[in-house]
file my_file-v5.pdb (PDB, C-alpha atoms and all ligand atoms)
ATOM      1  CA  MET F   3       1.116  -6.746  22.640  1.00  0.00           C
ATOM      2  CA  LEU F   4      -0.936  -9.835  21.739  1.00  0.00           C
ATOM      3  CA  ARG F   5      -4.693 -10.014  22.241  1.00  0.00           C
ATOM      4  CA  PHE F   6      -7.045 -12.970  21.828  1.00  0.00           C
ATOM      5  CA  THR F   7     -10.760 -12.382  21.322  1.00  0.00           C
ATOM      6  CA  ASN F   8     -13.183 -15.327  21.322  1.00  0.00           C
ATOM      7  CA  PHE F   9     -10.369 -17.604  20.172  1.00  0.00           C
ATOM      8  CA  LYS F  10     -11.252 -21.256  19.649  1.00  0.00           C
ATOM      9  CA  LYS F  11      -9.316 -23.994  17.882  1.00  0.00           C
ATOM     10  CA  SER F  12     -10.991 -27.373  17.407  1.00  0.00           C
ATOM     11  CA  TYR F  13      -9.763 -30.527  15.698  1.00  0.00           C
ATOM     12  CA  GLY F  14     -13.007 -32.090  14.460  1.00  0.00           C
ATOM     13  CA  ASN F  15     -15.266 -32.182  17.525  1.00  0.00           C
ATOM     14  CA  TYR F  16     -12.362 -31.791  19.975  1.00  0.00           C
ATOM     15  CA  PRO F  17     -12.012 -28.234  21.353  1.00  0.00           C
ATOM     16  CA  ALA F  18      -8.213 -28.198  21.754  1.00  0.00           C
ATOM     17  CA  LEU F  19      -7.858 -24.582  22.909  1.00  0.00           C
ATOM     18  CA  THR F  20     -10.322 -21.855  23.930  1.00  0.00           C
ATOM     19  CA  ILE F  21      -9.229 -18.324  24.931  1.00  0.00           C
ATOM     20  CA  ALA F  22     -12.193 -15.992  25.494  1.00  0.00           C
ATOM     21  CA  ASP F  23     -10.335 -12.722  26.106  1.00  0.00           C
ATOM     22  CA  PHE F  24      -6.670 -12.567  27.049  1.00  0.00           C
ATOM     23  CA  THR F  25      -3.894 -10.045  26.527  1.00  0.00           C
ATOM     24  CA  ILE F  26      -0.182 -10.781  26.730  1.00  0.00           C
ATOM     25  CA  ALA F  27       1.983  -7.734  27.492  1.00  0.00           C
ATOM     26  CA  GLU F  28       5.311  -7.392  25.697  1.00  0.00           C
ATOM     27  CA  GLY F  29       8.198  -9.439  27.089  1.00  0.00           C
ATOM     28  CA  ILE F  30       9.761 -12.899  27.024  1.00  0.00           C
ATOM     29  CA  TYR F  31       7.440 -15.778  27.927  1.00  0.00           C
ATOM     30  CA  TRP F  32       7.914 -19.442  28.602  1.00  0.00           C
ATOM     31  CA  ILE F  33       4.788 -21.415  27.718  1.00  0.00           C
ATOM     32  CA  LYS F  34       4.348 -24.377  30.016  1.00  0.00           C
ATOM     33  CA  GLY F  35       1.947 -27.282  29.692  1.00  0.00           C
ATOM     34  CA  VAL F  36       1.962 -31.068  29.729  1.00  0.00           C
ATOM     35  CA  ASN F  37       2.146 -33.145  26.537  1.00  0.00           C
ATOM     36  CA  GLY F  38      -0.943 -32.561  24.441  1.00  0.00           C
ATOM     37  CA  SER F  39      -2.043 -29.459  26.382  1.00  0.00           C
ATOM     38  CA  GLY F  40      -2.004 -27.263  23.271  1.00  0.00           C
ATOM     39  CA  LYS F  41       1.337 -25.449  23.132  1.00  0.00           C
ATOM     40  CA  SER F  42       2.006 -26.161  19.456  1.00  0.00           C
ATOM     41  CA  THR F  43      -1.647 -25.474  18.648  1.00  0.00           C
ATOM     42  CA  LEU F  44      -1.302 -22.053  20.296  1.00  0.00           C
ATOM     43  CA  LEU F  45       1.944 -21.134  18.499  1.00  0.00           C
ATOM     44  CA  LYS F  46       0.758 -22.358  15.092  1.00  0.00           C
ATOM     45  CA  SER F  47      -2.496 -20.414  15.482  1.00  0.00           C
ATOM     46  CA  ILE F  48      -0.623 -17.212  16.347  1.00  0.00           C
ATOM     47  CA  ALA F  49       1.718 -17.852  13.380  1.00  0.00           C
ATOM     48  CA  GLY F  50      -1.272 -18.104  11.035  1.00  0.00           C
ATOM     49  CA  ILE F  51      -0.558 -21.723  10.092  1.00  0.00           C
ATOM     50  CA  LEU F  52      -3.780 -23.094  11.619  1.00  0.00           C
ATOM     51  CA  ALA F  53      -7.308 -21.825  10.936  1.00  0.00           C
ATOM     52  CA  PHE F  54      -9.320 -20.943  14.066  1.00  0.00           C
ATOM     53  CA  GLU F  55     -12.453 -19.126  15.239  1.00  0.00           C
ATOM     54  CA  GLY F  56     -12.224 -15.609  16.718  1.00  0.00           C
ATOM     55  CA  ASP F  57      -9.294 -13.249  16.273  1.00  0.00           C
ATOM     56  CA  ILE F  58      -5.708 -12.570  17.344  1.00  0.00           C
ATOM     57  CA  LEU F  59      -4.334  -9.008  17.248  1.00  0.00           C
ATOM     58  CA  LEU F  60      -0.703  -7.945  17.454  1.00  0.00           C
ATOM     59  CA  ASP F  61      -0.454  -4.310  18.568  1.00  0.00           C
ATOM     60  CA  GLY F  62      -3.979  -3.887  17.173  1.00  0.00           C
ATOM     61  CA  ILE F  63      -3.204  -5.543  13.809  1.00  0.00           C
ATOM     62  CA  SER F  64      -5.632  -8.400  13.164  1.00  0.00           C
ATOM     63  CA  ILE F  65      -4.457 -11.698  11.686  1.00  0.00           C
ATOM     64  CA  LYS F  66      -7.889 -12.017  10.062  1.00  0.00           C
ATOM     65  CA  LYS F  67      -8.355  -8.461   8.759  1.00  0.00           C
ATOM     66  CA  GLN F  68      -4.725  -7.473   7.984  1.00  0.00           C
ATOM     67  CA  PRO F  69      -3.044 -10.853   7.306  1.00  0.00           C
ATOM     68  CA  VAL F  70      -0.143  -9.506   5.213  1.00  0.00           C
ATOM     69  CA  ASP F  71       0.839  -6.780   7.683  1.00  0.00           C
ATOM     70  CA  TYR F  72       0.395  -9.194  10.600  1.00  0.00           C
ATOM     71  CA  ARG F  73       2.585 -11.939   9.110  1.00  0.00           C
ATOM     72  CA  LYS F  74       5.482  -9.533   8.499  1.00  0.00           C
ATOM     73  CA  LEU F  75       5.605  -8.908  12.246  1.00  0.00           C
ATOM     74  CA  VAL F  76       5.333 -12.487  13.512  1.00  0.00           C
ATOM     75  CA  ASN F  77       8.114 -15.064  13.007  1.00  0.00           C
ATOM     76  CA  PHE F  78       7.910 -18.712  13.988  1.00  0.00           C
ATOM     77  CA  ALA F  79      10.407 -21.580  14.224  1.00  0.00           C
ATOM     78  CA  GLU F  80       8.709 -24.978  14.377  1.00  0.00           C
ATOM     79  CA  ALA F  81       9.828 -27.674  16.816  1.00  0.00           C
ATOM     80  CA  GLU F  82      10.844 -30.038  14.020  1.00  0.00           C
ATOM     81  CA  PRO F  83      11.427 -27.916  10.915  1.00  0.00           C
ATOM     82  CA  LEU F  84      10.984 -29.391   7.458  1.00  0.00           C
ATOM     83  CA  PHE F  85      12.443 -27.676   4.389  1.00  0.00           C
ATOM     84  CA  PRO F  86      12.803 -28.784   0.736  1.00  0.00           C
ATOM     85  CA  GLU F  87      15.997 -30.861   0.829  1.00  0.00           C
ATOM     86  CA  PHE F  88      17.449 -29.559  -2.451  1.00  0.00           C
ATOM     87  CA  LEU F  89      17.554 -25.911  -1.309  1.00  0.00           C
ATOM     88  CA  THR F  90      20.682 -24.585   0.402  1.00  0.00           C
ATOM     89  CA  GLY F  91      20.564 -22.797   3.722  1.00  0.00           C
ATOM     90  CA  ARG F  92      21.458 -19.559   1.965  1.00  0.00           C
ATOM     91  CA  GLU F  93      18.647 -19.952  -0.567  1.00  0.00           C
ATOM     92  CA  LEU F  94      16.177 -20.397   2.278  1.00  0.00           C
ATOM     93  CA  ILE F  95      17.640 -17.377   4.067  1.00  0.00           C
ATOM     94  CA  ASN F  96      17.230 -15.298   0.889  1.00  0.00           C
ATOM     95  CA  LEU F  97      13.614 -16.464   0.498  1.00  0.00           C
ATOM     96  CA  PHE F  98      12.722 -15.630   4.089  1.00  0.00           C
ATOM     97  CA  ALA F  99      14.647 -12.335   3.977  1.00  0.00           C
ATOM     98  CA  ALA F 100      12.664 -11.211   0.913  1.00  0.00           C
ATOM     99  CA  ALA F 101       9.337 -12.264   2.453  1.00  0.00           C
ATOM    100  CA  LYS F 102      10.105 -10.458   5.709  1.00  0.00           C
ATOM    101  CA  ASP F 103      11.656  -7.281   4.190  1.00  0.00           C
ATOM    102  CA  ALA F 104      14.910  -8.004   6.005  1.00  0.00           C
ATOM    103  CA  PRO F 105      17.707  -5.401   5.786  1.00  0.00           C
ATOM    104  CA  ALA F 106      20.461  -6.510   3.338  1.00  0.00           C
ATOM    105  CA  GLY F 107      23.116  -8.682   4.993  1.00  0.00           C
ATOM    106  CA  GLN F 108      21.139  -9.039   8.225  1.00  0.00           C
ATOM    107  CA  GLU F 109      21.841 -12.798   8.361  1.00  0.00           C
ATOM    108  CA  GLN F 110      25.657 -12.511   8.439  1.00  0.00           C
ATOM    109  CA  SER F 111      26.115 -11.821  12.148  1.00  0.00           C
ATOM    110  CA  TYR F 112      23.817 -14.759  12.938  1.00  0.00           C
ATOM    111  CA  LEU F 113      25.783 -17.070  10.599  1.00  0.00           C
ATOM    112  CA  ASP F 114      29.041 -15.940  12.216  1.00  0.00           C
ATOM    113  CA  SER F 115      27.937 -16.250  15.848  1.00  0.00           C
ATOM    114  CA  MET F 116      26.300 -19.668  15.344  1.00  0.00           C
ATOM    115  CA  GLY F 117      29.264 -20.986  13.278  1.00  0.00           C
ATOM    116  CA  MET F 118      27.170 -21.779  10.205  1.00  0.00           C
ATOM    117  CA  ASN F 119      29.343 -20.370   7.398  1.00  0.00           C
ATOM    118  CA  ALA F 120      30.935 -23.763   6.634  1.00  0.00           C
ATOM    119  CA  TYR F 121      27.649 -25.350   5.599  1.00  0.00           C
ATOM    120  CA  VAL F 122      25.193 -22.581   4.715  1.00  0.00           C
ATOM    121  CA  ASP F 123      25.799 -23.095   0.964  1.00  0.00           C
ATOM    122  CA  LYS F 124      25.115 -26.838   1.089  1.00  0.00           C
ATOM    123  CA  PRO F 125      21.662 -28.379   0.469  1.00  0.00           C
ATOM    124  CA  VAL F 126      19.666 -28.751   3.699  1.00  0.00           C
ATOM    125  CA  GLY F 127      19.198 -32.459   2.888  1.00  0.00           C
ATOM    126  CA  THR F 128      22.831 -32.898   4.005  1.00  0.00           C
ATOM    127  CA  TYR F 129      22.306 -31.170   7.392  1.00  0.00           C
ATOM    128  CA  SER F 130      22.269 -32.922  10.756  1.00  0.00           C
ATOM    129  CA  SER F 131      19.261 -32.250  12.993  1.00  0.00           C
ATOM    130  CA  GLY F 132      21.231 -29.671  15.007  1.00  0.00           C
ATOM    131  CA  MET F 133      22.394 -27.835  11.858  1.00  0.00           C
ATOM    132  CA  LEU F 134      18.795 -27.762  10.636  1.00  0.00           C
ATOM    133  CA  LYS F 135      17.588 -26.454  13.981  1.00  0.00           C
ATOM    134  CA  LYS F 136      20.137 -23.624  13.936  1.00  0.00           C
ATOM    135  CA  LEU F 137      19.016 -22.649  10.429  1.00  0.00           C
ATOM    136  CA  SER F 138      15.347 -22.586  11.467  1.00  0.00           C
ATOM    137  CA  LEU F 139      16.205 -20.446  14.508  1.00  0.00           C
ATOM    138  CA  LEU F 140      18.159 -17.999  12.322  1.00  0.00           C
ATOM    139  CA  LEU F 141      15.210 -17.723   9.891  1.00  0.00           C
ATOM    140  CA  ALA F 142      12.960 -16.735  12.814  1.00  0.00           C
ATOM    141  CA  PHE F 143      15.154 -13.677  13.529  1.00  0.00           C
ATOM    142  CA  LEU F 144      15.050 -12.240   9.974  1.00  0.00           C
ATOM    143  CA  GLY F 145      13.182  -9.020   9.216  1.00  0.00           C
ATOM    144  CA  LYS F 146      11.808  -6.673  11.869  1.00  0.00           C
ATOM    145  CA  PRO F 147       9.534  -8.941  13.904  1.00  0.00           C
ATOM    146  CA  LYS F 148       7.571  -7.674  16.905  1.00  0.00           C
ATOM    147  CA  LEU F 149       6.995 -11.248  18.029  1.00  0.00           C
ATOM    148  CA  ILE F 150       9.245 -14.291  17.628  1.00  0.00           C
ATOM    149  CA  MET F 151       7.906 -17.714  18.593  1.00  0.00           C
ATOM    150  CA  LEU F 152      10.273 -20.634  19.071  1.00  0.00           C
ATOM    151  CA  ASP F 153       8.710 -24.079  19.566  1.00  0.00           C
ATOM    152  CA  GLU F 154      11.084 -26.326  21.542  1.00  0.00           C
ATOM    153  CA  PRO F 155      14.168 -24.171  20.700  1.00  0.00           C
ATOM    154  CA  LEU F 156      16.449 -26.090  23.064  1.00  0.00           C
ATOM    155  CA  ILE F 157      16.148 -29.535  21.492  1.00  0.00           C
ATOM    156  CA  THR F 158      19.022 -30.912  19.356  1.00  0.00           C
ATOM    157  CA  ILE F 159      21.320 -27.866  19.702  1.00  0.00           C
ATOM    158  CA  ASP F 160      24.537 -28.189  21.708  1.00  0.00           C
ATOM    159  CA  THR F 161      25.477 -26.198  24.828  1.00  0.00           C
ATOM    160  CA  ALA F 162      27.558 -23.624  22.930  1.00  0.00           C
ATOM    161  CA  ALA F 163      24.705 -22.994  20.472  1.00  0.00           C
ATOM    162  CA  LEU F 164      22.290 -22.637  23.384  1.00  0.00           C
ATOM    163  CA  GLU F 165      24.382 -19.804  24.855  1.00  0.00           C
ATOM    164  CA  VAL F 166      24.427 -18.092  21.456  1.00  0.00           C
ATOM    165  CA  LEU F 167      20.646 -18.458  21.190  1.00  0.00           C
ATOM    166  CA  TYR F 168      20.160 -16.871  24.630  1.00  0.00           C
ATOM    167  CA  GLN F 169      22.308 -13.965  23.409  1.00  0.00           C
ATOM    168  CA  TRP F 170      20.273 -13.606  20.206  1.00  0.00           C
ATOM    169  CA  ILE F 171      17.062 -13.468  22.254  1.00  0.00           C
ATOM    170  CA  SER F 172      18.421 -10.990  24.832  1.00  0.00           C
ATOM    171  CA  ASN F 173      19.910  -8.705  22.136  1.00  0.00           C
ATOM    172  CA  GLN F 174      16.729  -8.757  20.046  1.00  0.00           C
ATOM    173  CA  ARG F 175      14.612  -7.939  23.101  1.00  0.00           C
ATOM    174  CA  ARG F 176      16.929  -5.124  24.257  1.00  0.00           C
ATOM    175  CA  GLU F 177      17.696  -3.527  20.882  1.00  0.00           C
ATOM    176  CA  HIS F 178      14.378  -3.948  19.050  1.00  0.00           C
ATOM    177  CA  GLY F 179      11.806  -4.522  21.811  1.00  0.00           C
ATOM    178  CA  THR F 180      10.772  -7.823  20.210  1.00  0.00           C
ATOM    179  CA  SER F 181       8.639 -10.121  22.353  1.00  0.00           C
ATOM    180  CA  PHE F 182       9.174 -13.892  22.562  1.00  0.00           C
ATOM    181  CA  LEU F 183       6.981 -16.916  23.163  1.00  0.00           C
ATOM    182  CA  LEU F 184       9.104 -19.973  23.902  1.00  0.00           C
ATOM    183  CA  SER F 185       7.721 -23.455  24.329  1.00  0.00           C
ATOM    184  CA  SER F 186      10.060 -25.878  26.043  1.00  0.00           C
ATOM    185  CA  HIS F 187       9.910 -29.039  28.117  1.00  0.00           C
ATOM    186  CA  GLN F 188      13.430 -28.285  29.329  1.00  0.00           C
ATOM    187  CA  THR F 189      13.785 -25.639  32.018  1.00  0.00           C
ATOM    188  CA  LEU F 190      14.944 -22.290  30.695  1.00  0.00           C
ATOM    189  CA  ASP F 191      17.950 -20.710  32.369  1.00  0.00           C
ATOM    190  CA  PHE F 192      16.256 -17.797  34.142  1.00  0.00           C
ATOM    191  CA  ASP F 193      19.588 -16.433  35.389  1.00  0.00           C
ATOM    192  CA  VAL F 194      20.758 -15.929  31.808  1.00  0.00           C
ATOM    193  CA  MET F 195      17.422 -14.949  30.349  1.00  0.00           C
ATOM    194  CA  PRO F 196      14.590 -13.837  32.650  1.00  0.00           C
ATOM    195  CA  ALA F 197      11.165 -14.899  31.338  1.00  0.00           C
ATOM    196  CA  SER F 198       7.568 -14.770  32.543  1.00  0.00           C
ATOM    197  CA  ILE F 199       5.502 -17.939  32.544  1.00  0.00           C
ATOM    198  CA  LEU F 200       2.245 -18.654  30.739  1.00  0.00           C
ATOM    199  CA  HIS F 201       0.478 -21.890  31.493  1.00  0.00           C
ATOM    200  CA  ILE F 202      -1.834 -23.903  29.250  1.00  0.00           C
ATOM    201  CA  HIS F 203      -4.178 -25.866  31.455  1.00  0.00           C
ATOM    202  CA  GLU F 204      -7.628 -27.382  30.849  1.00  0.00           C
ATOM    203  CA  GLN F 205      -7.591 -26.236  27.210  1.00  0.00           C
ATOM    204  CA  THR F 206      -7.019 -22.563  27.965  1.00  0.00           C
ATOM    205  CA  LEU F 207      -4.203 -20.065  28.555  1.00  0.00           C
ATOM    206  CA  LYS F 208      -3.493 -18.763  32.042  1.00  0.00           C
ATOM    207  CA  THR F 209      -0.987 -16.519  33.744  1.00  0.00           C
ATOM    208  CA  PHE F 210       1.153 -18.803  35.854  1.00  0.00           C
ATOM    209  CA  VAL F 211       0.247 -18.739  39.560  1.00  0.00           C
ATOM    210  CA  GLY F 212       2.259 -21.714  40.810  1.00  0.00           C
ATOM    211  CA  GLU F 213       1.600 -25.432  40.940  1.00  0.00           C
TER     212      GLU F 213
HETATM  213  N1  LIG K   1      -3.944 -32.430  13.578  1.00  0.00           N
HETATM  214  C1  LIG K   1      -4.593 -32.809  14.682  1.00  0.00           C
HETATM  215  N2  LIG K   1      -5.722 -33.537  14.621  1.00  0.00           N
HETATM  216  C2  LIG K   1      -6.387 -33.909  15.734  1.00  0.00           C
HETATM  217  N3  LIG K   1      -6.010 -33.568  16.983  1.00  0.00           N
HETATM  218  C3  LIG K   1      -4.883 -32.836  17.107  1.00  0.00           C
HETATM  219  C4  LIG K   1      -4.124 -32.424  15.980  1.00  0.00           C
HETATM  220  N4  LIG K   1      -3.062 -31.721  16.421  1.00  0.00           N
HETATM  221  C5  LIG K   1      -3.165 -31.707  17.762  1.00  0.00           C
HETATM  222  N5  LIG K   1      -4.263 -32.379  18.174  1.00  0.00           N
HETATM  223  C6  LIG K   1      -4.704 -32.535  19.573  1.00  0.00           C
HETATM  224  O1  LIG K   1      -4.752 -31.264  20.188  1.00  0.00           O
HETATM  225  C7  LIG K   1      -4.224 -31.313  21.519  1.00  0.00           C
HETATM  226  C8  LIG K   1      -3.080 -30.322  21.647  1.00  0.00           C
HETATM  227  O2  LIG K   1      -1.970 -30.770  20.833  1.00  0.00           O
HETATM  228  P1  LIG K   1      -0.612 -29.942  20.709  1.00  0.00           P
HETATM  229  O3  LIG K   1       0.240 -30.608  19.705  1.00  0.00           O
HETATM  230  O4  LIG K   1      -0.949 -28.513  20.502  1.00  0.00           O
HETATM  231  O5  LIG K   1      -0.029 -30.119  22.195  1.00  0.00           O
HETATM  232  P2  LIG K   1       1.411 -29.746  22.782  1.00  0.00           P
HETATM  233  O6  LIG K   1       1.156 -29.063  24.106  1.00  0.00           O
HETATM  234  O7  LIG K   1       2.218 -29.003  21.798  1.00  0.00           O
HETATM  235  O8  LIG K   1       2.017 -31.205  23.025  1.00  0.00           O
HETATM  236  P3  LIG K   1       3.527 -31.744  23.193  1.00  0.00           P
HETATM  237  O9  LIG K   1       4.075 -31.163  24.459  1.00  0.00           O
HETATM  238  O10 LIG K   1       3.330 -33.220  23.308  1.00  0.00           O
HETATM  239  O11 LIG K   1       4.290 -31.346  21.952  1.00  0.00           O
HETATM  240  C9  LIG K   1      -3.864 -32.773  21.773  1.00  0.00           C
HETATM  241  O12 LIG K   1      -4.922 -33.389  22.478  1.00  0.00           O
HETATM  242  C10 LIG K   1      -3.729 -33.373  20.388  1.00  0.00           C
HETATM  243  O13 LIG K   1      -4.120 -34.726  20.392  1.00  0.00           O
END

call {"tool": "encode", "arguments": {"input": "my_file-v5.pdb", "output": "structure tokens"}}
result
Amino acid sequence: MLRFTNFKKSYGNYPALTIADFTIAEGIYWIKGVNGSGKSTLLKSIAGILAFEGDILLDGISIKKQPVDYRKLVNFAEAEPLFPEFLTGRELINLFAAAKDAPAGQEQSYLDSMGMNAYVDKPVGTYSSGMLKKLSLLLAFLGKPKLIMLDEPLITIDTAALEVLYQWISNQRREHGTSFLLSSHQTLDFDVMPASILHIHEQTLKTFVGE
């Protein structure tokens, strides 16, 4: 599904993450690593937000050579999302839906299941952190992504919202074959949502083999 070739991301002289040649098969993955190990660096690189050396290919589509096609297939929700405060949730949904070629009305079932209808037409500057987090998670499901990356999806949302999120992920995986990369310091509920583990250790990505 996702292939890294000669990947290297440095901040100044500091080589934060190096992945010589690594392929991730389709599925749901939990990315583990201590603070500062490079989880956000990895997700932002795959999302095309950070510049890096080498290449990343999604089902053979290169982020460097086919950036428009690639970005339509990869969605990303940041750990602490920031949006222009004067825009409403619905305006942001419409923007993302257009950019991602989302089917008309795709957002409605997400708004209903996450209980967001009461505030989606208000400016995001009035949202609590949990309301903002739910909006950013919804945006990551718009379109027809082959890969959805959620950075710290469990923070700030309540228990009921967490169950809804697990359902969104399971449904998306089952119905559309979408893969997921989830970064979380909290333990995922493997009974509800089975996931494989990837480990970032010593500035590189490894298949988890136990601690
Ligand atoms: N903009 C930046 N400039 C310089 N160094 C950076 C920058 N962003 C990250 N780093 C460094 O890169 C390394 C990886 O950071 P990153 O944020 O990817 O880690 P993380 O695993 O997501 O951490 P956490 O679990 O604390 O969120 C750290 O050593 C960090 O200091």

call {"tool": "residues_around", "arguments": {"input": "my_file-v5.pdb", "residues": "F:Glu93", "least_positions_apart": "3", "cutoff": "10 Å", "atoms": "all atoms listed in the file", "output": "mmCIF file with C-alpha atoms, in the coordinates of the input"}}
result
data_model
loop_
_atom_site.group_PDB
_atom_site.id
_atom_site.type_symbol
_atom_site.label_atom_id
_atom_site.label_comp_id
_atom_site.auth_asym_id
_atom_site.auth_seq_id
_atom_site.Cartn_x
_atom_site.Cartn_y
_atom_site.Cartn_z
ATOM 1 C CA PHE F 88 17.449 -29.559 -2.451
ATOM 2 C CA LEU F 89 17.554 -25.911 -1.309
ATOM 3 C CA THR F 90 20.682 -24.585 0.402
ATOM 4 C CA ASN F 96 17.230 -15.298 0.889
ATOM 5 C CA LEU F 97 13.614 -16.464 0.498
ATOM 6 C CA PHE F 98 12.722 -15.630 4.089
ATOM 7 C CA ALA F 99 14.647 -12.335 3.977
ATOM 8 C CA VAL F 122 25.193 -22.581 4.715
ATOM 9 C CA ASP F 123 25.799 -23.095 0.964
ATOM 10 C CA LYS F 124 25.115 -26.838 1.089
ATOM 11 C CA PRO F 125 21.662 -28.379 0.469
ATOM 12 C CA VAL F 126 19.666 -28.751 3.699
#

call {"tool": "closest_residue", "arguments": {"input": "my_file-v5.pdb", "among": "F:Gln108, F:Ser172, F:Ser47, F:Ser181", "to": "ligand LIG 1 (chain K)", "atoms": "all atoms listed in the file"}}
result
F:Ser47

call {"tool": "atom_distance", "arguments": {"input": "my_file-v5.pdb", "atom1": "atom CA of F:Phe85", "atom2": "atom CA of F:Lys11"}}
result
25.9 Å

call {"tool": "residues_near_ligand", "arguments": {"input": "my_file-v5.pdb", "ligand": "ligand LIG 1 (chain K)", "cutoff": "9 Å", "atoms": "all atoms listed in the file", "output": "compact mmCIF listing (two decimals) with C-alpha atoms, keeping the file's coordinate frame"}}
result
# COMPACT_ATOMS: atom_id res chain seq x y z
CA LYS F 11 -9.32 -23.99 17.88
CA SER F 12 -10.99 -27.37 17.41
CA TYR F 13 -9.76 -30.53 15.70
CA GLY F 14 -13.01 -32.09 14.46
CA TYR F 16 -12.36 -31.79 19.98
CA PRO F 17 -12.01 -28.23 21.35
CA ALA F 18 -8.21 -28.20 21.75
CA LEU F 19 -7.86 -24.58 22.91
CA LYS F 34 4.35 -24.38 30.02
CA GLY F 35 1.95 -27.28 29.69
CA VAL F 36 1.96 -31.07 29.73
CA ASN F 37 2.15 -33.15 26.54
CA GLY F 38 -0.94 -32.56 24.44
CA SER F 39 -2.04 -29.46 26.38
CA GLY F 40 -2.00 -27.26 23.27
CA LYS F 41 1.34 -25.45 23.13
CA SER F 42 2.01 -26.16 19.46
CA THR F 43 -1.65 -25.47 18.65
CA LEU F 44 -1.30 -22.05 20.30
CA LEU F 45 1.94 -21.13 18.50
CA LYS F 46 0.76 -22.36 15.09
CA ALA F 81 9.83 -27.67 16.82
CA ASP F 153 8.71 -24.08 19.57
CA GLU F 154 11.08 -26.33 21.54
CA SER F 185 7.72 -23.46 24.33
CA SER F 186 10.06 -25.88 26.04
CA HIS F 187 9.91 -29.04 28.12
CA ILE F 202 -1.83 -23.90 29.25
CA GLN F 205 -7.59 -26.24 27.21

call {"tool": "residues_around", "arguments": {"input": "my_file-v5.pdb", "residues": "F:Asp61", "least_positions_apart": "2", "cutoff": "9 Å", "atoms": "only C-alpha atoms", "output": "ChimeraX atom specification"}}
result
/F:3-5,59,63-64,148

call {"tool": "write_last_selection", "arguments": {"input": "my_file-v5.pdb", "atoms": "C-alpha atoms", "output": "short mmCIF file (atom, residue, chain, number, x, y, z; two decimals), in the frame of the given file"}}
result
data_model
loop_
_atom_site.label_atom_id
_atom_site.label_comp_id
_atom_site.auth_asym_id
_atom_site.auth_seq_id
_atom_site.Cartn_x
_atom_site.Cartn_y
_atom_site.Cartn_z
CA MET F 3 1.12 -6.75 22.64
CA LEU F 4 -0.94 -9.84 21.74
CA ARG F 5 -4.69 -10.01 22.24
CA LEU F 59 -4.33 -9.01 17.25
CA ILE F 63 -3.20 -5.54 13.81
CA SER F 64 -5.63 -8.40 13.16
CA LYS F 148 7.57 -7.67 16.90
#

call {"tool": "residues_around", "arguments": {"input": "my_file-v5.pdb", "residues": "F:Ile199", "least_positions_apart": "5", "cutoff": "12 Å", "atoms": "all atoms listed in the file", "output": "list in words"}}
result
Ile26, Ala27, Gly29, Ile30, Tyr31, Trp32, Ile33, Lys34, Gly35, Phe182, Leu183, Leu184, Ser185, Ser186, Thr189, Leu190, Phe192, Leu207, Lys208, Thr209, Phe210, Val211, Gly212 and Glu213 of chain F
